[in-house]
Amino acid sequence: MNAPSSQRAPDANDRPVPSTRVSTVERYDFHRVIQSYLDDAARLVNVPDHVRVILREPKNELIVHFPVRMDSGEYRLFKGYRIQHSNILGPYKGGMRYHEHASLDDFKALGAMMTWKCALMNLPFGGAKGGIKFDPRSVSRDELSRITRRFFHALGSNIGPDYDVPAPDVGTNAQTMAWAMDTYLNTVGMVKKEAAMGVVTGKPVSSGGTVGRETATGQGVVHCIAEWARRSRFKLEGKKLIVQGFGNVGSNTAVLLAAHGVSLVAVGDHTGYLYNPEGFNVHRLKQYVAQNGSIAGYANGQKINRDEFFTVQADIFVPAALENQIGASEAEALQVKLVAEGANGPCSPEGEAVLARRGIELLPDVLANAGGVTVSYYEWVQNRRSEIWGIEEVEERLEKAMLDAYERMTQFATTHKCPNRIACYGVALQRLVQVYLDREIFP
Ligand code: NAD
């Protein structure tokens, strides 16, 4: 479709879409999907079977229940998770997600992906993920602070700067990390306070965060797209972009791609979808979302529905919302040349197979959105060394890290004649296998 019809029933933004596509009847088994990518890569790399079996499951699965006093004076019990998948390469590392559909299984998948991502990027970190099952938009700021503080208090010494280092993800941000760090620092001894700031990354710059972290994931996506364009002799100037999810990753990707002359023509979030064939002013849209919490009500765009969004004629699609958004039907509908996965796990295996058949190229999540954890690593290093780096240093290092990993993926894919995603898992697996061969299994 070129231009969505204006005859359509006016429902798209008036009625919030369900916040995941997962049907309650047949649940999308995200963890099984991630395990299958490991199995595929293991067929290409010489992996002792016991190592593959170990890496299919997380090392630790933590569930905590904790009470929080709500503004009404009533108490509500919350359920929090932390999945620690692997720490063979370094401390567990991964985001904290606040979402009403969060589940243990999804965190198992997301935690494992962090292991693959950190290994691919050559970072001295393992993989983890966690969060709380609730809708952060449904509570007040004070309630959000108390929920976050009780959660991190409940995790206690299960996190720490040398053990497990959380970061922001869906529904959390720099403010969440400031509350998390403050809670942790209030539980450690006075003398350890300075050294313990690295307990979380993605903090505000004023509270021990690093410059460049806020935009790092989007910047990493853009480095990958620019490198893909360079290698494919594809001129980015004047090209069109569609983005699903306009939070940290989606908005920063759109803003940074605008500097390459790429215009955003369709965008969606949990409230609905908008279309503007002239191209949105991404700076203004980002500001609007910061003030209003979503794209709903933004004046300079035509409302379209989810199905229409996936048919918009463009060049690049950046999914930057949730997992399992691109199934077979969405992949059939897409009218783009490249899908760059800002989100974790946005393509189902069926969707990915359709993209491959249609010749739509794919930059997989474990590479494309690895800019976030890479700059989180720079933040952690600065905290350890009591250093403050400038933006040039952060940006130079990030670009080199992304391009080096891109090259590792390409070389593996060429050598083994496999898709980019399996190549990323293969590179990561080679690194992990070597450590298991060096250290062997205790005792
Ligand atoms: P965020 O909370 O800042 O933004 C999420 C966006 O997705 C919002 O615009 C929200 O409205 C939208 N959304 C939620 N449900 C949706 C639905 N059903 N349909 C359409 N849009 C929907 O989160 P974020 O940090 O930008 O994370 C987005 C994705 O990127 C996640 O998959 C996350 O795991 C991944 N990621 C984030 C980082 C990071 O540094 N924040 C790093 C790597 C990967």
# chains A, B, ... in the order shown; residues from 1 in each chain; ligands from 1
$ closest_atom_pairs --of "chain A" --to "ligand 1" --cutoff "7 Å" --atoms "only C-alpha atoms and all ligand atoms" --output "Markdown table"
| residue | atom | partner | partner_atom_place_in_ligand_line | distance |
| --- | --- | --- | --- | --- |
| A:Val17 | CA | ligand 1 | 18 (N) | 6.5 |
| A:Pro18 | CA | ligand 1 | 18 (N) | 5.8 |
| A:Ser19 | CA | ligand 1 | 18 (N) | 3.6 |
| A:Thr20 | CA | ligand 1 | 18 (N) | 4.4 |
| A:Arg21 | CA | ligand 1 | 18 (N) | 6.7 |
| A:Pro168 | CA | ligand 1 | 41 (N) | 5.5 |
| A:Asp169 | CA | ligand 1 | 25 (O) | 4.2 |
| A:Val170 | CA | ligand 1 | 23 (O) | 3.4 |
| A:Gly171 | CA | ligand 1 | 2 (O) | 4.0 |
| A:Thr172 | CA | ligand 1 | 2 (O) | 6.2 |
| A:Ala216 | CA | ligand 1 | 40 (O) | 6.9 |
| A:Thr217 | CA | ligand 1 | 40 (O) | 5.1 |
| A:Gln244 | CA | ligand 1 | 21 (N) | 5.6 |
| A:Gly245 | CA | ligand 1 | 7 (O) | 3.6 |
| A:Phe246 | CA | ligand 1 | 9 (O) | 3.7 |
| A:Gly247 | CA | ligand 1 | 4 (O) | 3.3 |
| A:Asn248 | CA | ligand 1 | 26 (O) | 3.7 |
| A:Val249 | CA | ligand 1 | 26 (O) | 3.8 |
| A:Gly250 | CA | ligand 1 | 26 (O) | 5.8 |
| A:Gly268 | CA | ligand 1 | 20 (C) | 5.5 |
| A:Asp269 | CA | ligand 1 | 21 (N) | 3.3 |
| A:His270 | CA | ligand 1 | 22 (C) | 3.8 |
| A:Thr271 | CA | ligand 1 | 11 (O) | 6.6 |
| A:Gly272 | CA | ligand 1 | 20 (C) | 7.0 |
| A:Ser294 | CA | ligand 1 | 11 (O) | 6.1 |
| A:Ala320 | CA | ligand 1 | 29 (C) | 4.6 |
| A:Ala321 | CA | ligand 1 | 7 (O) | 3.5 |
| A:Leu322 | CA | ligand 1 | 32 (O) | 4.5 |
| A:Glu323 | CA | ligand 1 | 32 (O) | 6.2 |
| A:Gly342 | CA | ligand 1 | 30 (O) | 5.3 |
| A:Ala343 | CA | ligand 1 | 32 (O) | 3.4 |
| A:Asn344 | CA | ligand 1 | 32 (O) | 4.1 |
| A:Gly345 | CA | ligand 1 | 32 (O) | 6.9 |
| A:Asn369 | CA | ligand 1 | 43 (C) | 4.7 |
| A:Ala370 | CA | ligand 1 | 43 (C) | 6.0 |
| A:Gly372 | CA | ligand 1 | 40 (O) | 4.4 |
| A:Val373 | CA | ligand 1 | 42 (C) | 6.6 |
$ select_by_dssp --residues "segment 210-405 of chain A" --states "strand (DSSP E)" --output "list in words"
Lys240, Leu241, Ile242, Val243, Gln244, Ser263, Leu264, Val265, Ala266, Val267, Gly268, Asp269, Gly272, Tyr273, Leu274, Tyr275, Gln302, Lys303, Ile304, Ile316, Phe317, Val318, Pro319, Leu338, Val339, Ala340, Glu361, Leu362 and Leu363 of chain A
$ write_last_selection --atoms "C-alpha atoms" --output "PDB file, in the first residue's frame"
ATOM      1  CA  LYS A 240      11.997   6.096   3.995  1.00  0.00           C
ATOM      2  CA  LEU A 241      11.709   4.489   7.406  1.00  0.00           C
ATOM      3  CA  ILE A 242       8.904   2.914   9.416  1.00  0.00           C
ATOM      4  CA  VAL A 243       9.319   2.296  13.163  1.00  0.00           C
ATOM      5  CA  GLN A 244       7.238   0.228  15.570  1.00  0.00           C
ATOM      6  CA  SER A 263      12.598  10.193   6.800  1.00  0.00           C
ATOM      7  CA  LEU A 264      10.132   8.505   9.131  1.00  0.00           C
ATOM      8  CA  VAL A 265       6.838   7.964   7.270  1.00  0.00           C
ATOM      9  CA  ALA A 266       4.969   5.644   9.657  1.00  0.00           C
ATOM     10  CA  VAL A 267       5.243   5.001  13.369  1.00  0.00           C
ATOM     11  CA  GLY A 268       3.386   2.981  15.974  1.00  0.00           C
ATOM     12  CA  ASP A 269       3.304   2.403  19.698  1.00  0.00           C
ATOM     13  CA  GLY A 272      -1.852   2.914  17.720  1.00  0.00           C
ATOM     14  CA  TYR A 273      -0.201   3.883  14.438  1.00  0.00           C
ATOM     15  CA  LEU A 274       0.338   7.109  12.442  1.00  0.00           C
ATOM     16  CA  TYR A 275       1.240   7.739   8.787  1.00  0.00           C
ATOM     17  CA  GLN A 302      -3.005  10.211   9.706  1.00  0.00           C
ATOM     18  CA  LYS A 303      -4.272   7.404  11.936  1.00  0.00           C
ATOM     19  CA  ILE A 304      -3.822   3.971  10.419  1.00  0.00           C
ATOM     20  CA  ILE A 316      13.804   0.300   6.178  1.00  0.00           C
ATOM     21  CA  PHE A 317      11.723  -1.104   9.035  1.00  0.00           C
ATOM     22  CA  VAL A 318      12.975  -0.849  12.602  1.00  0.00           C
ATOM     23  CA  PRO A 319      10.860  -2.853  15.043  1.00  0.00           C
ATOM     24  CA  LEU A 338      15.771  -4.101   5.270  1.00  0.00           C
ATOM     25  CA  VAL A 339      14.529  -5.021   8.737  1.00  0.00           C
ATOM     26  CA  ALA A 340      16.894  -3.875  11.495  1.00  0.00           C
ATOM     27  CA  GLU A 361      17.460  -8.503   4.472  1.00  0.00           C
ATOM     28  CA  LEU A 362      17.660  -8.759   8.245  1.00  0.00           C
ATOM     29  CA  LEU A 363      20.035  -7.293  10.814  1.00  0.00           C
TER      30      LEU A 363
END
$ decode --residues "segment 178-264 of chain A" --atoms "C-alpha atoms" --output "compact mmCIF listing (two decimals), in the first residue's frame"
# COMPACT_ATOMS: atom_id res chain seq x y z
CA ALA A 178 18.77 6.10 39.90
CA TRP A 179 16.22 4.69 42.39
CA ALA A 180 17.74 1.22 42.00
CA MET A 181 21.28 2.44 42.64
CA ASP A 182 20.21 4.56 45.59
CA THR A 183 18.43 1.57 47.15
CA TYR A 184 21.46 -0.66 46.67
CA LEU A 185 23.88 1.97 48.04
CA ASN A 186 21.75 2.26 51.15
CA THR A 187 22.25 -1.44 51.83
CA VAL A 188 26.06 -1.57 51.46
CA GLY A 189 28.59 -0.34 54.01
CA MET A 190 29.66 3.33 53.94
CA VAL A 191 33.16 2.62 52.61
CA LYS A 192 31.90 0.65 49.65
CA LYS A 193 29.53 3.31 48.31
CA GLU A 194 31.75 4.80 45.60
CA ALA A 195 32.76 1.42 44.21
CA ALA A 196 29.16 0.19 44.23
CA MET A 197 27.78 2.77 41.79
CA GLY A 198 28.35 0.27 38.99
CA VAL A 199 25.56 -1.93 40.40
CA VAL A 200 23.35 -0.66 37.57
CA THR A 201 24.02 1.07 34.26
CA GLY A 202 21.88 3.48 32.28
CA LYS A 203 21.86 5.88 35.25
CA PRO A 204 21.42 9.65 34.79
CA VAL A 205 24.77 11.24 33.84
CA SER A 206 24.51 13.37 37.01
CA SER A 207 24.40 10.18 39.14
CA GLY A 208 27.29 8.19 37.71
CA GLY A 209 25.87 7.44 34.27
CA THR A 210 27.82 7.97 31.07
CA VAL A 211 27.24 10.41 28.27
CA GLY A 212 25.96 8.59 25.21
CA ARG A 213 24.05 5.81 27.05
CA GLU A 214 20.59 7.28 26.49
CA THR A 215 21.04 7.19 22.70
CA ALA A 216 23.44 4.20 22.56
CA THR A 217 21.01 1.49 21.44
CA GLY A 218 19.57 3.66 18.68
CA GLN A 219 23.07 4.73 17.69
CA GLY A 220 24.14 1.08 17.43
CA VAL A 221 21.12 0.31 15.22
CA VAL A 222 22.08 3.24 12.99
CA HIS A 223 25.74 2.12 12.75
CA CYS A 224 24.51 -1.29 11.58
CA ILE A 225 22.11 0.21 9.03
CA ALA A 226 24.83 2.55 7.72
CA GLU A 227 27.28 -0.34 7.43
CA TRP A 228 24.69 -2.49 5.67
CA ALA A 229 24.04 0.42 3.26
CA ARG A 230 27.77 0.90 2.63
CA ARG A 231 28.30 -2.80 1.89
CA SER A 232 25.15 -2.99 -0.27
CA ARG A 233 25.97 0.27 -2.14
CA PHE A 234 22.58 1.59 -0.97
CA LYS A 235 22.30 5.37 -0.62
CA LEU A 236 20.50 6.27 2.62
CA GLU A 237 19.83 9.91 1.70
CA GLY A 238 16.19 10.35 0.70
CA LYS A 239 15.07 6.90 1.87
CA LYS A 240 12.00 6.10 4.00
CA LEU A 241 11.71 4.49 7.41
CA ILE A 242 8.90 2.91 9.42
CA VAL A 243 9.32 2.30 13.16
CA GLN A 244 7.24 0.23 15.57
CA GLY A 245 7.75 1.42 19.16
CA PHE A 246 8.75 5.03 19.79
CA GLY A 247 10.41 4.73 23.21
CA ASN A 248 14.14 4.86 23.91
CA VAL A 249 15.24 2.67 21.00
CA GLY A 250 12.70 3.65 18.34
CA SER A 251 12.82 7.42 18.89
CA ASN A 252 16.62 7.65 19.05
CA THR A 253 17.00 5.46 15.96
CA ALA A 254 14.59 7.69 14.01
CA VAL A 255 16.31 10.89 15.16
CA LEU A 256 19.81 9.60 14.34
CA LEU A 257 18.71 8.24 10.95
CA ALA A 258 17.23 11.64 10.10
CA ALA A 259 20.81 12.95 10.14
CA HIS A 260 21.51 10.49 7.28
CA GLY A 261 18.60 11.96 5.31
CA VAL A 262 16.19 9.10 6.11
CA SER A 263 12.60 10.19 6.80
CA LEU A 264 10.13 8.51 9.13
